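A.B. asks: Have a look at the structure that comes next, please.
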Amino acid sequence: MKSLVNNIIAPYFDTEKDTLGLPPSQKAIWQIEVWSVHRSQQFRTWMKEFHPTIVLQFVPGGCTGILQPCDVGIQRVFKHLLKCSYHADIVTMMTTQIEHGVENLVFNKCHGFL
């Protein structure tokens, strides 16, 4: 999560502020789901310490489709296709091991992502 904020969210807000001629101290609202990692005291404290100009605003439970339509209309399709692709990779990995006579199958979570 910290990597997402440091490498994507914060630089995006900084670029937009610069484009709009706003001061670096200008606050920006980041609207996110009420997932436990987002609401955790640890994450909120880290955000306040390292990204004080980003204000967290939580989407109420059950309202994602209303307040974040791209999450339902576009990202849902993408996430589904990603899961299908990952599933196919796992099946191929296991099938290959079986075909090669491997007795103790190994599930490599990072297979194809290194």
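Chains: A, B, ... in order of the structure tokens. Residues: from 1 per chain. Ligands: from 1, in order shown.
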Would you give me, as a ChimeraX atom specification, the residues in chain A that DSSP reads as strand (DSSP E)?
C.D. replies: /A:28-33,54-59
A.B. asks: Report the distance between CA of Val72 in chain A and CA of Ile32 in chain A in Å, rounded to one decimal place.
C.D. replies: 13.7 Å
A.B. asks: Counting only C-alpha atoms, figure out which residue out of A:Phe107, A:Trp46, A:Trp30, A:Trp35 gets nearest to Thr92 in chain A.
C.D. replies: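 The closest residue to Thr92 in chain A is A:Phe107.
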A.B. asks: So, counting only C-alpha atoms, which residue among A:Ser85, A:Gln97, A:Gln26, A:Thr15 is closest to Val55 in chain A?
C.D. replies: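 That would be A:Gln26, the residue with the smallest distance to Val55 in chain A.
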A.B. asks: Near Leu105 in chain A, within 10 Å and counting only C-alpha atoms, which residues show up once chain neighbours fewer than 5 positions away are dropped, as an mmCIF file with all heavy atoms, in the first residue's frame?
C.D. replies:
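Now in around_23.cif:
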```cif
data_model
loop_
_atom_site.group_PDB
_atom_site.id
_atom_site.type_symbol
_atom_site.label_atom_id
_atom_site.label_comp_id
_atom_site.auth_asym_id
_atom_site.auth_seq_id
_atom_site.Cartn_x
_atom_site.Cartn_y
_atom_site.Cartn_z
ATOM 1 N N MET A 93 1.287 -24.526 -14.554
ATOM 2 C CA MET A 93 2.446 -24.830 -13.710
ATOM 3 C C MET A 93 2.301 -26.213 -13.067
ATOM 4 O O MET A 93 3.232 -27.025 -13.087
ATOM 5 C CB MET A 93 2.585 -23.760 -12.610
ATOM 6 C CG MET A 93 3.773 -23.961 -11.706
ATOM 7 S SD MET A 93 3.935 -22.801 -10.294
ATOM 8 C CE MET A 93 2.641 -21.635 -10.466
ATOM 9 N N MET A 94 1.135 -26.495 -12.513
ATOM 10 C CA MET A 94 0.912 -27.784 -11.851
ATOM 11 C C MET A 94 0.889 -28.931 -12.859
ATOM 12 O O MET A 94 1.478 -29.984 -12.634
ATOM 13 C CB MET A 94 -0.396 -27.756 -11.062
ATOM 14 C CG MET A 94 -0.382 -26.833 -9.872
ATOM 15 S SD MET A 94 0.806 -27.411 -8.654
ATOM 16 C CE MET A 94 1.490 -25.870 -8.127
ATOM 17 N N THR A 95 0.239 -28.709 -13.993
ATOM 18 C CA THR A 95 0.155 -29.741 -15.028
ATOM 19 C C THR A 95 1.544 -30.097 -15.551
ATOM 20 O O THR A 95 1.870 -31.268 -15.741
ATOM 21 C CB THR A 95 -0.746 -29.274 -16.190
ATOM 22 O OG1 THR A 95 -2.022 -28.913 -15.676
ATOM 23 C CG2 THR A 95 -0.902 -30.346 -17.240
ATOM 24 N N THR A 96 2.367 -29.087 -15.764
ATOM 25 C CA THR A 96 3.738 -29.321 -16.247
ATOM 26 C C THR A 96 4.529 -30.158 -15.244
ATOM 27 O O THR A 96 5.244 -31.081 -15.631
ATOM 28 C CB THR A 96 4.453 -27.977 -16.499
ATOM 29 O OG1 THR A 96 3.701 -27.231 -17.461
ATOM 30 C CG2 THR A 96 5.866 -28.182 -17.005
ATOM 31 N N GLN A 97 4.384 -29.853 -13.961
ATOM 32 C CA GLN A 97 5.095 -30.621 -12.938
ATOM 33 C C GLN A 97 4.618 -32.073 -12.929
ATOM 34 O O GLN A 97 5.429 -32.997 -12.837
ATOM 35 C CB GLN A 97 4.896 -29.989 -11.554
ATOM 36 C CG GLN A 97 5.625 -28.673 -11.399
ATOM 37 C CD GLN A 97 5.443 -28.086 -10.014
ATOM 38 O OE1 GLN A 97 5.645 -28.767 -9.014
ATOM 39 N NE2 GLN A 97 5.056 -26.813 -9.962
ATOM 40 N N ILE A 98 3.319 -32.273 -13.048
ATOM 41 C CA ILE A 98 2.759 -33.637 -13.060
ATOM 42 C C ILE A 98 3.273 -34.397 -14.281
ATOM 43 O O ILE A 98 3.688 -35.549 -14.175
ATOM 44 C CB ILE A 98 1.216 -33.595 -13.031
ATOM 45 C CG1 ILE A 98 0.738 -33.065 -11.674
ATOM 46 C CG2 ILE A 98 0.626 -34.972 -13.328
ATOM 47 C CD1 ILE A 98 -0.736 -32.714 -11.624
#
```
A.B. asks: So, counting only C-alpha atoms, which residue among A:Leu67, A:Ile74, A:Val91, A:Ile9 is closest to Met47 in chain A?
C.D. replies: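 Closest residue, counting only C-alpha atoms: A:Ile9.
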A.B. asks: Which residue out of A:Lys48, A:His100, A:Arg39, A:Arg76 has the minimum interatomic distance to Thr64 in chain A when only C-alpha atoms are used?
C.D. replies: A:Arg76
A.B. asks: Tell me, which residues of chain A carry DSSP helix (DSSP H, G or I), written as a PyMOL selection string?
C.D. replies: chain A and resi 2-20+36-39+41-50+64-67+69-73+75-99
A.B. asks: Can you work out the spacing between CA of Thr19 in chain A and CA of Pro52 in chain A in Å, to one decimal?
C.D. replies: 19.9 Å
A.B. asks: Which residue gives the smallest distance to Gly62 in chain A among A:Val34, A:Phe50, A:Cys84, A:Thr45, with only C-alpha atoms counted?
C.D. replies: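 Closest to Gly62 in chain A, using only C-alpha atoms: A:Val34.
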